[in-house]
$ cat run04.cif   # mmCIF, C-alpha atoms
data_start
#
loop_
_atom_site.label_atom_id
_atom_site.label_comp_id
_atom_site.auth_asym_id
_atom_site.auth_seq_id
_atom_site.Cartn_x
_atom_site.Cartn_y
_atom_site.Cartn_z
CA MET A 11 134.18 268.19 156.80
CA LYS A 12 136.29 266.36 159.38
CA ALA A 13 135.92 269.18 161.86
CA LYS A 14 132.14 268.88 161.58
CA LEU A 15 132.16 265.14 161.90
CA ILE A 16 134.01 264.97 165.20
CA PRO A 17 131.30 266.75 167.23
CA ALA A 18 128.64 264.83 165.31
CA THR A 19 130.24 261.54 166.27
CA SER A 20 130.66 262.64 169.87
CA LEU A 21 127.02 263.66 169.94
CA LEU A 22 126.00 260.27 168.66
CA TRP A 23 128.00 258.49 171.31
CA LEU A 24 126.67 260.76 174.02
CA SER A 25 123.15 260.13 172.80
CA ALA A 26 123.71 256.40 172.82
CA VAL A 27 125.03 256.50 176.40
CA LEU A 28 122.11 258.63 177.58
CA ALA A 29 119.63 256.39 175.82
CA LEU A 30 121.18 253.36 177.52
CA LEU A 31 120.98 255.08 180.90
CA ALA A 32 117.37 256.03 180.29
CA GLY A 33 116.63 252.47 179.25
CA GLY A 34 118.25 251.20 182.43
CA GLU A 35 116.10 253.51 184.48
CA LEU A 36 112.97 252.34 182.69
CA ARG A 37 113.94 248.73 183.35
CA ALA A 38 114.61 249.60 187.00
CA GLU A 39 111.17 251.16 187.24
CA ALA A 40 109.61 248.04 185.80
CA ALA A 41 111.14 245.88 188.56
CA ASP A 42 109.48 245.47 191.95
CA THR A 43 110.33 248.05 194.59
CA LYS A 44 111.22 246.62 197.97
CA PHE A 45 110.19 248.18 201.26
CA GLN A 46 110.47 247.51 204.96
CA ALA A 47 107.73 248.65 207.30
CA TYR A 48 108.20 248.87 211.05
CA LEU A 49 105.70 249.42 213.79
CA LEU A 50 107.57 251.04 216.67
CA TRP A 51 106.76 252.02 220.19
CA GLY A 52 108.59 254.94 221.74
CA THR A 53 109.22 255.49 225.40
CA ASP A 54 111.67 257.04 227.80
CA ASP A 55 111.90 253.77 229.68
CA THR A 56 114.81 251.54 228.89
CA LYS A 57 112.66 248.40 228.79
CA PRO A 58 109.59 247.40 226.82
CA PRO A 59 106.29 247.11 228.74
CA GLU A 60 105.89 244.14 231.02
CA GLY A 61 104.95 240.96 229.28
CA LYS A 62 106.14 242.22 225.88
CA SER A 63 109.32 241.02 224.26
CA TYR A 64 109.91 243.94 221.92
CA LYS A 65 113.43 244.26 220.61
CA PRO A 66 115.19 247.62 220.48
CA VAL A 67 115.03 249.17 217.04
CA THR A 68 117.97 248.63 214.66
CA ALA A 69 120.88 251.07 214.90
CA ASP A 70 120.30 252.75 211.53
CA ILE A 71 116.62 253.43 212.22
CA LYS A 72 117.48 254.64 215.74
CA GLN A 73 120.05 257.05 214.31
CA LYS A 74 117.58 258.49 211.83
CA LEU A 75 114.90 258.83 214.49
CA LYS A 76 117.38 260.70 216.68
CA GLU A 77 117.68 263.32 213.96
CA LEU A 78 113.93 263.94 214.02
CA PRO A 79 112.24 266.25 216.53
CA LEU A 80 110.98 263.39 218.66
CA LYS A 81 111.34 263.52 222.41
CA TRP A 82 111.38 259.81 223.21
CA ALA A 83 114.73 258.23 224.02
CA ASN A 84 114.06 254.57 223.22
CA TRP A 85 112.27 252.88 220.41
CA PHE A 86 111.15 249.26 220.38
CA GLU A 87 110.18 247.18 217.40
CA VAL A 88 106.65 245.82 217.72
CA ASN A 89 106.42 244.42 214.22
CA ARG A 90 108.38 244.41 211.00
CA LYS A 91 107.28 243.54 207.48
CA ASP A 92 109.30 243.16 204.29
CA PHE A 93 107.33 243.53 201.09
CA ALA A 94 107.57 244.51 197.45
CA VAL A 95 105.31 246.60 195.26
CA SER A 96 105.13 246.50 191.47
CA GLN A 97 104.92 249.60 189.32
CA ASN A 98 101.47 251.23 189.61
CA ALA A 99 100.35 248.48 191.96
CA ALA A 100 99.48 248.69 195.64
CA ASN A 101 100.23 246.42 198.57
CA GLU A 102 98.43 246.50 201.89
CA VAL A 103 100.53 245.45 204.85
CA THR A 104 99.04 244.66 208.22
CA MET A 105 101.23 246.09 210.95
CA SER A 106 98.86 245.25 213.82
CA GLU A 107 95.24 244.32 214.35
CA LYS A 108 94.25 247.97 214.10
CA CYS A 109 96.90 249.35 211.81
CA GLN A 110 97.46 248.73 208.13
CA LEU A 111 99.69 250.43 205.66
CA ASN A 112 98.78 250.69 202.00
CA VAL A 113 101.70 251.44 199.69
CA LYS A 114 101.24 252.21 196.02
CA LYS A 115 104.21 252.59 193.67
CA LEU A 116 103.85 255.52 191.30
CA ALA A 117 106.11 256.75 188.51
CA GLY A 118 109.79 257.30 189.27
CA SER A 119 110.53 257.18 192.97
CA ASN A 120 107.07 258.36 193.95
CA VAL A 121 104.86 256.46 196.33
CA GLU A 122 101.38 256.88 197.72
CA VAL A 123 101.13 255.75 201.32
CA SER A 124 97.89 255.39 203.23
CA LEU A 125 97.67 254.66 206.93
CA ILE A 126 94.56 252.82 207.96
CA GLY A 127 93.62 252.80 211.63
CA LYS A 128 90.75 250.70 212.90
CA GLY A 129 89.56 250.18 209.32
CA LYS A 130 89.47 253.89 208.52
CA GLU A 131 91.89 255.78 206.33
CA VAL A 132 93.68 258.20 208.63
CA VAL A 133 96.12 259.84 206.26
CA THR A 134 97.21 259.47 202.64
CA ARG A 135 100.50 260.88 201.53
CA LYS A 136 102.00 261.07 198.06
CA GLN A 137 105.71 261.83 197.89
CA SER A 138 109.06 260.84 196.47
CA LEU A 139 110.79 258.08 198.40
CA PRO A 140 114.19 257.24 196.88
CA THR A 141 116.12 254.17 197.95
CA GLY A 142 117.33 254.39 201.55
CA GLU A 143 114.93 257.15 202.51
CA MET A 144 112.21 256.81 205.15
CA LEU A 145 108.67 258.00 205.70
CA VAL A 146 107.72 258.07 209.37
CA LEU A 147 104.10 258.29 210.43
CA GLY A 148 103.48 258.64 214.15
CA GLY A 149 101.37 259.85 216.97
CA ASN A 150 101.03 259.97 220.71
CA ALA A 151 100.17 256.89 222.71
CA PRO A 152 98.98 256.60 226.33
CA ASN A 153 101.32 257.15 229.27
CA SER A 154 103.52 259.65 227.42
CA THR A 155 104.63 257.10 224.87
CA ALA A 156 104.40 257.16 221.09
CA TRP A 157 103.77 254.90 218.13
CA LEU A 158 105.50 255.10 214.78
CA VAL A 159 105.00 253.39 211.47
CA VAL A 160 108.27 253.63 209.56
CA LEU A 161 108.34 252.89 205.85
CA LYS A 162 111.83 252.45 204.44
CA ARG A 163 112.59 251.88 200.79
CA ILE A 164 115.20 249.15 200.43
CA GLU A 165 115.54 248.94 196.62
CA MET B 30 179.54 243.07 119.42
CA ASP B 31 176.82 242.81 121.97
CA TYR B 32 175.00 245.66 123.64
CA ASN B 33 176.86 245.33 126.97
CA ALA B 34 180.20 245.57 125.22
CA GLN B 35 179.07 248.74 123.47
CA LEU B 36 177.98 250.20 126.84
CA LYS B 37 181.33 249.33 128.41
CA LEU B 38 183.07 251.08 125.59
CA GLN B 39 180.94 254.16 126.15
CA SER B 40 181.78 254.03 129.87
CA TRP B 41 185.49 253.71 129.10
CA LEU B 42 185.26 256.77 126.88
CA ASP B 43 183.50 258.70 129.67
CA GLY B 44 186.18 257.58 132.14
CA GLU B 45 183.67 255.81 134.40
CA LEU B 46 185.32 252.38 134.59
CA PRO B 47 187.62 251.19 137.38
CA GLU B 48 191.27 250.91 136.52
CA ALA B 49 191.41 247.13 136.05
CA GLU B 50 188.41 247.10 133.78
CA ALA B 51 189.72 250.11 131.83
CA SER B 52 193.00 248.31 131.05
CA GLU B 53 191.02 245.29 129.81
CA ILE B 54 189.12 247.58 127.44
CA THR B 55 192.38 249.16 126.25
CA ASN B 56 193.73 245.71 125.40
CA TRP B 57 190.48 244.75 123.73
CA LEU B 58 190.61 247.91 121.56
CA THR B 59 194.05 246.99 120.27
CA ARG B 60 192.82 243.52 119.25
CA ASP B 61 189.34 244.32 117.89
CA ARG B 62 189.05 246.62 114.91
CA GLU B 63 185.26 246.81 115.16
CA ALA B 64 185.58 248.02 118.75
CA ALA B 65 188.20 250.58 117.74
CA SER B 66 185.93 251.79 114.95
CA LEU B 67 182.96 252.13 117.33
CA LEU B 68 185.15 253.98 119.82
CA GLU B 69 186.16 256.44 117.11
CA GLU B 70 182.54 256.98 116.16
CA LEU B 71 181.55 257.51 119.80
CA ARG B 72 184.40 259.93 120.32
CA ASN B 73 183.36 261.98 117.27
CA THR B 74 179.75 262.05 118.43
CA HIS B 75 180.84 263.07 121.94
CA ASN B 76 182.99 265.89 120.60
CA ALA B 77 180.24 267.07 118.29
CA LEU B 78 177.64 267.16 121.08
CA ALA B 79 179.98 268.76 123.58
CA GLY B 80 180.27 271.80 121.36
CA PHE B 81 176.53 272.33 121.18
CA GLU B 82 175.58 271.40 124.72
CA ALA B 83 173.75 274.33 126.26
CA THR B 84 174.43 275.06 129.90
CA VAL B 85 171.21 274.62 131.81
CA ARG B 86 171.04 276.18 135.24
CA LEU B 87 168.39 275.06 137.69
CA PRO B 88 166.42 277.84 139.28
CA GLU B 89 166.69 275.99 142.61
CA SER B 90 169.38 274.19 144.53
CA ARG B 91 170.41 270.71 143.56
CA GLU B 92 169.14 269.26 146.87
CA PHE B 93 165.76 270.88 146.44
CA PHE B 94 165.43 269.70 142.87
CA TRP B 95 166.21 266.10 143.79
CA SER B 96 163.91 266.22 146.80
CA LYS B 97 161.11 267.20 144.40
CA VAL B 98 161.94 264.23 142.21
CA GLU B 99 162.02 261.98 145.24
CA ARG B 100 158.65 263.24 146.46
CA GLU B 101 157.09 262.72 143.07
CA ILE B 102 158.41 259.15 142.93
CA GLN B 103 157.03 258.45 146.40
CA ARG B 104 153.67 259.93 145.43
CA LEU B 105 153.46 257.73 142.36
CA GLU B 106 154.55 254.62 144.27
CA ALA B 107 152.08 255.15 147.12
CA PRO B 108 149.31 252.52 147.04
CA ALA B 109 146.03 253.86 145.74
CA PRO B 110 143.34 253.99 148.47
CA LYS B 111 140.75 251.29 148.28
CA THR B 112 137.76 252.75 146.55
CA ALA B 113 135.25 250.37 148.13
CA ARG B 114 136.32 251.24 151.68
CA ARG B 115 136.20 254.95 150.93
CA SER B 116 132.69 254.62 149.66
CA TYR B 117 131.52 252.77 152.83
CA LEU B 118 133.20 255.40 154.96
CA SER B 119 131.62 258.22 153.04
CA LEU B 120 128.22 256.53 153.30
CA PHE B 121 128.71 256.15 157.05
CA ARG B 122 129.73 259.78 157.34
CA ARG B 123 126.71 260.88 155.39
CA PHE B 124 124.55 258.83 157.75
CA LEU B 125 126.23 260.24 160.86
CA VAL B 126 125.01 263.82 160.64
CA PRO B 127 121.26 263.14 160.31
CA ALA B 128 121.50 260.26 162.79
CA SER B 129 123.20 262.52 165.31
CA ALA B 130 120.53 265.16 164.83
CA VAL B 131 117.74 262.63 165.37
CA ALA B 132 119.50 261.19 168.41
CA ALA B 133 120.01 264.67 169.86
CA VAL B 134 116.33 265.49 169.45
CA LEU B 135 115.33 262.19 171.08
CA VAL B 136 117.69 262.70 174.00
CA ALA B 137 116.56 266.29 174.47
CA GLY B 138 112.95 265.13 174.52
CA LEU B 139 113.81 262.37 176.96
CA VAL B 140 115.70 264.69 179.28
CA LEU B 141 113.21 267.56 179.12
CA ASN B 142 110.21 265.32 179.72
CA ARG B 143 111.68 263.57 182.72
CA PRO B 144 109.80 264.65 185.84
CA THR B 145 112.84 265.51 187.92
CA GLY B 146 113.14 268.34 190.35
CA LEU B 147 115.66 269.51 192.90
CA ASN B 148 118.43 267.06 193.81
CA GLY B 149 117.16 264.59 191.23
CA ARG B 150 114.03 264.01 193.27
CA SER B 151 110.69 263.75 191.61
CA ALA B 152 109.01 267.00 190.80
CA VAL B 153 105.69 265.52 191.80
CA ALA B 154 104.47 267.66 194.64
CA GLU B 155 104.17 266.11 198.01
CA ILE B 156 100.49 265.74 198.64
CA GLU B 157 99.05 264.82 201.95
CA THR B 158 95.45 264.17 202.76
CA ALA B 159 94.61 263.78 206.38
CA LEU B 160 91.18 262.24 206.38
CA ALA B 161 90.54 261.50 210.01
CA ASP B 162 93.07 263.90 211.40
CA SER B 163 93.13 267.65 211.00
CA GLY B 164 96.04 268.16 213.38
CA THR B 165 98.68 266.61 211.14
CA PHE B 166 102.05 268.26 210.73
CA THR B 167 104.97 267.29 208.54
CA TYR B 168 108.70 267.63 209.13
CA ARG B 169 111.27 266.93 206.43
CA ASP B 170 114.93 266.19 207.20
CA TYR B 171 116.65 266.49 203.82
CA SER B 172 120.11 265.45 205.06
CA ALA B 173 118.82 262.22 206.60
CA GLY B 174 116.30 261.65 203.81
CA THR B 175 113.50 261.24 206.33
CA THR B 176 109.98 262.62 206.38
CA LEU B 177 108.01 262.67 209.62
CA VAL B 178 104.24 262.99 209.57
CA TRP B 179 102.90 263.49 213.06
CA LEU B 180 99.27 262.76 213.64
CA SER B 181 97.05 263.57 216.55
CA TYR B 182 95.22 260.34 215.75
CA PRO B 183 94.20 258.46 217.74
CA ALA B 184 93.26 261.07 220.32
CA ASP B 185 94.78 260.26 223.65
CA THR B 186 91.41 260.15 225.30
CA GLU B 187 89.98 257.82 222.69
CA VAL B 188 92.91 255.45 223.07
CA ALA B 189 92.83 255.59 226.81
CA GLU B 190 89.20 254.67 226.88
CA ASN B 191 89.38 251.71 224.53
CA ASP B 192 92.93 250.40 224.25
CA GLU B 193 95.78 249.54 226.41
CA MET B 194 98.35 250.81 223.91
CA GLY B 195 96.48 252.87 221.41
CA THR B 196 97.29 252.14 217.81
CA VAL B 197 100.42 250.18 218.55
CA GLU B 198 98.63 246.95 219.33
#

$ encode --input "run04.cif" --output "structure tokens"
Amino acid sequence: MKAKLIPATSLLWLSAVLALLAGGELRAEAADTKFQAYLLWGTDDTKPPEGKSYKPVTADIKQKLKELPLKWANWFEVNRKDFAVSQNAANEVTMSEKCQLNVKKLAGSNVEVSLIGKGKEVVTRKQSLPTGEMLVLGGNAPNSTAWLVVLKRIE
Amino acid sequence: MDYNAQLKLQSWLDGELPEAEASEITNWLTRDREAASLLEELRNTHNALAGFEATVRLPESREFFWSKVEREIQRLEAPAPKTARRSYLSLFRRFLVPASAVAAVLVAGLVLNRPTGLNGRSAVAEIETALADSGTFTYRDYSAGTTLVWLSYPADTEVAENDEMGTVE
């Protein structure tokens, strides 16, 4: 009888721990998810365009962009937005006059991101975006430069 | 003659008394006729029994026999377990097995129904819909945890015609 009870007790404890962990995850899902969105301009020049006071992009973003197959050497921050999205809710963030980002928080670490350019939906992407990971949307800009919209999940 | 005096007399007869006490008894026997009479009676009884005493041999060693006696005494002197506590414990034990089974089923359901895929990432497929851009390509850097979606929007020509900096500003 005792020999049977020991695994039964262990199982109960294990179940309790797992249930607590699952509960913690559910509570975490219920909380707001925090994001940072950046509008970046990429160039091979070392300075931003004349008349613009863009700051160089932060070191961590620069490092991650270096690891992507992008040819531009320097990235400047045009705009930055911090925002939060509730579970199953969406938040539209204006990055520039012509560029908006719509972020919807789905189940787990999934997000649905829509890029709106000049009032039209350009692309919609649904993917997992765990904390610390980034989604980079970009394209070519005039004079061999590039634009990027970087969405980073903070929490 | 009191009971203790009778016992002392018996001990004297058996040769169990220390020397000082034995000489006291010897003196007492010379003075007390009742004591001398009792001693005589005890001696006769002792002699009568000694002739009929059967020799009993233990089937085991003396040490083993006494260890059995000692164990039996300890068993009898051990405090009886509390019945109430044992009943709570047995109730709890009876509850444990079905509770564990239910918990295991719940946990299995929880774990199996969780939408997790490789590396703990969501199993939800990555879905991309390029509405205004058919030239989209996607690059995924798993080590850096970065996804790049490159768009051909806005077309260079379109930007050049209308904007100074395309979509950036």

$ closest_residue --input "run04.cif" --among "A:Ser124, A:Thr155, A:Ser119, A:Asn101" --to "Ser138 in chain A" --atoms "only C-alpha atoms"
A:Ser119

$ closest_atom_pairs --input "run04.cif" --of "chain A" --to "chain B" --cutoff "6 Å" --atoms "only C-alpha atoms" --output "tab-separated table"
residue	atom	partner	partner_atom	distance
A:Ala18	CA	B:Ser129	CA	5.9
A:Leu22	CA	B:Ser129	CA	4.9
A:Ser25	CA	B:Ala132	CA	5.8
A:Ser106	CA	B:Glu198	CA	5.8
A:Val132	CA	B:Ala161	CA	4.8
A:Val133	CA	B:Ala159	CA	4.2
A:Thr134	CA	B:Thr158	CA	5.0
A:Arg135	CA	B:Glu157	CA	4.2
A:Lys136	CA	B:Ile156	CA	4.9
A:Gln137	CA	B:Glu155	CA	4.6
A:Ser138	CA	B:Ser151	CA	5.9
A:Glu143	CA	B:Gly174	CA	4.9
A:Met144	CA	B:Thr175	CA	4.8
A:Leu145	CA	B:Thr176	CA	4.9
A:Val146	CA	B:Leu177	CA	4.6
A:Leu147	CA	B:Val178	CA	4.8
A:Gly148	CA	B:Trp179	CA	5.0
A:Gly149	CA	B:Leu180	CA	4.9
A:Ala151	CA	B:Gly195	CA	5.6
A:Trp157	CA	B:Val197	CA	5.8

$ atom_distance --input "run04.cif" --atom1 "CA of Trp85 in chain A" --atom2 "CA of Lys128 in chain A"
22.9 Å

$ resolve_selection --input "run04.cif" --expression "the PyMOL selection byres ((chain A and resi 68) around 12)" --output "list in words"
Tyr48, Leu50, Tyr64, Lys65, Pro66, Val67, Ala69, Asp70, Ile71, Lys72, Gln73, Lys74, Leu75, Asn84, Trp85, Phe86, Glu87 and Arg90 of chain A

$ write_last_selection --input "run04.cif" --atoms "C-alpha atoms" --output "CSV table (one decimal), keeping the file's coordinate frame"
chain,number,residue,atom,x,y,z
A,48,TYR,CA,108.2,248.9,211.0
A,50,LEU,CA,107.6,251.0,216.7
A,64,TYR,CA,109.9,243.9,221.9
A,65,LYS,CA,113.4,244.3,220.6
A,66,PRO,CA,115.2,247.6,220.5
A,67,VAL,CA,115.0,249.2,217.0
A,69,ALA,CA,120.9,251.1,214.9
A,70,ASP,CA,120.3,252.8,211.5
A,71,ILE,CA,116.6,253.4,212.2
A,72,LYS,CA,117.5,254.6,215.7
A,73,GLN,CA,120.0,257.0,214.3
A,74,LYS,CA,117.6,258.5,211.8
A,75,LEU,CA,114.9,258.8,214.5
A,84,ASN,CA,114.1,254.6,223.2
A,85,TRP,CA,112.3,252.9,220.4
A,86,PHE,CA,111.2,249.3,220.4
A,87,GLU,CA,110.2,247.2,217.4
A,90,ARG,CA,108.4,244.4,211.0

$ atom_distance --input "run04.cif" --atom1 "CA of Lys108 in chain A" --atom2 "CA of Leu49 in chain A"
11.5 Å

$ decode --input "run04.cif" --residues "range 122-137 of chain A" --atoms "C-alpha atoms" --output "PDB file, in the first residue's frame"
ATOM      1  CA  GLU A 122      -1.484  39.859 -35.872  1.00  0.00           C
ATOM      2  CA  VAL A 123       0.341  42.829 -37.341  1.00  0.00           C
ATOM      3  CA  SER A 124      -0.974  44.972 -40.153  1.00  0.00           C
ATOM      4  CA  LEU A 125       1.017  47.673 -41.888  1.00  0.00           C
ATOM      5  CA  ILE A 126      -1.060  50.472 -43.294  1.00  0.00           C
ATOM      6  CA  GLY A 127       0.516  52.768 -45.859  1.00  0.00           C
ATOM      7  CA  LYS A 128      -1.283  55.842 -47.105  1.00  0.00           C
ATOM      8  CA  GLY A 129      -4.518  54.553 -45.578  1.00  0.00           C
ATOM      9  CA  LYS A 130      -4.322  51.181 -47.324  1.00  0.00           C
ATOM     10  CA  GLU A 131      -3.474  47.872 -45.740  1.00  0.00           C
ATOM     11  CA  VAL A 132      -0.191  46.797 -47.284  1.00  0.00           C
ATOM     12  CA  VAL A 133       0.501  43.576 -45.445  1.00  0.00           C
ATOM     13  CA  THR A 134      -1.009  41.581 -42.596  1.00  0.00           C
ATOM     14  CA  ARG A 135       1.064  39.033 -40.785  1.00  0.00           C
ATOM     15  CA  LYS A 136       0.064  36.583 -38.085  1.00  0.00           C
ATOM     16  CA  GLN A 137       2.914  34.974 -36.161  1.00  0.00           C
TER      17      GLN A 137
END
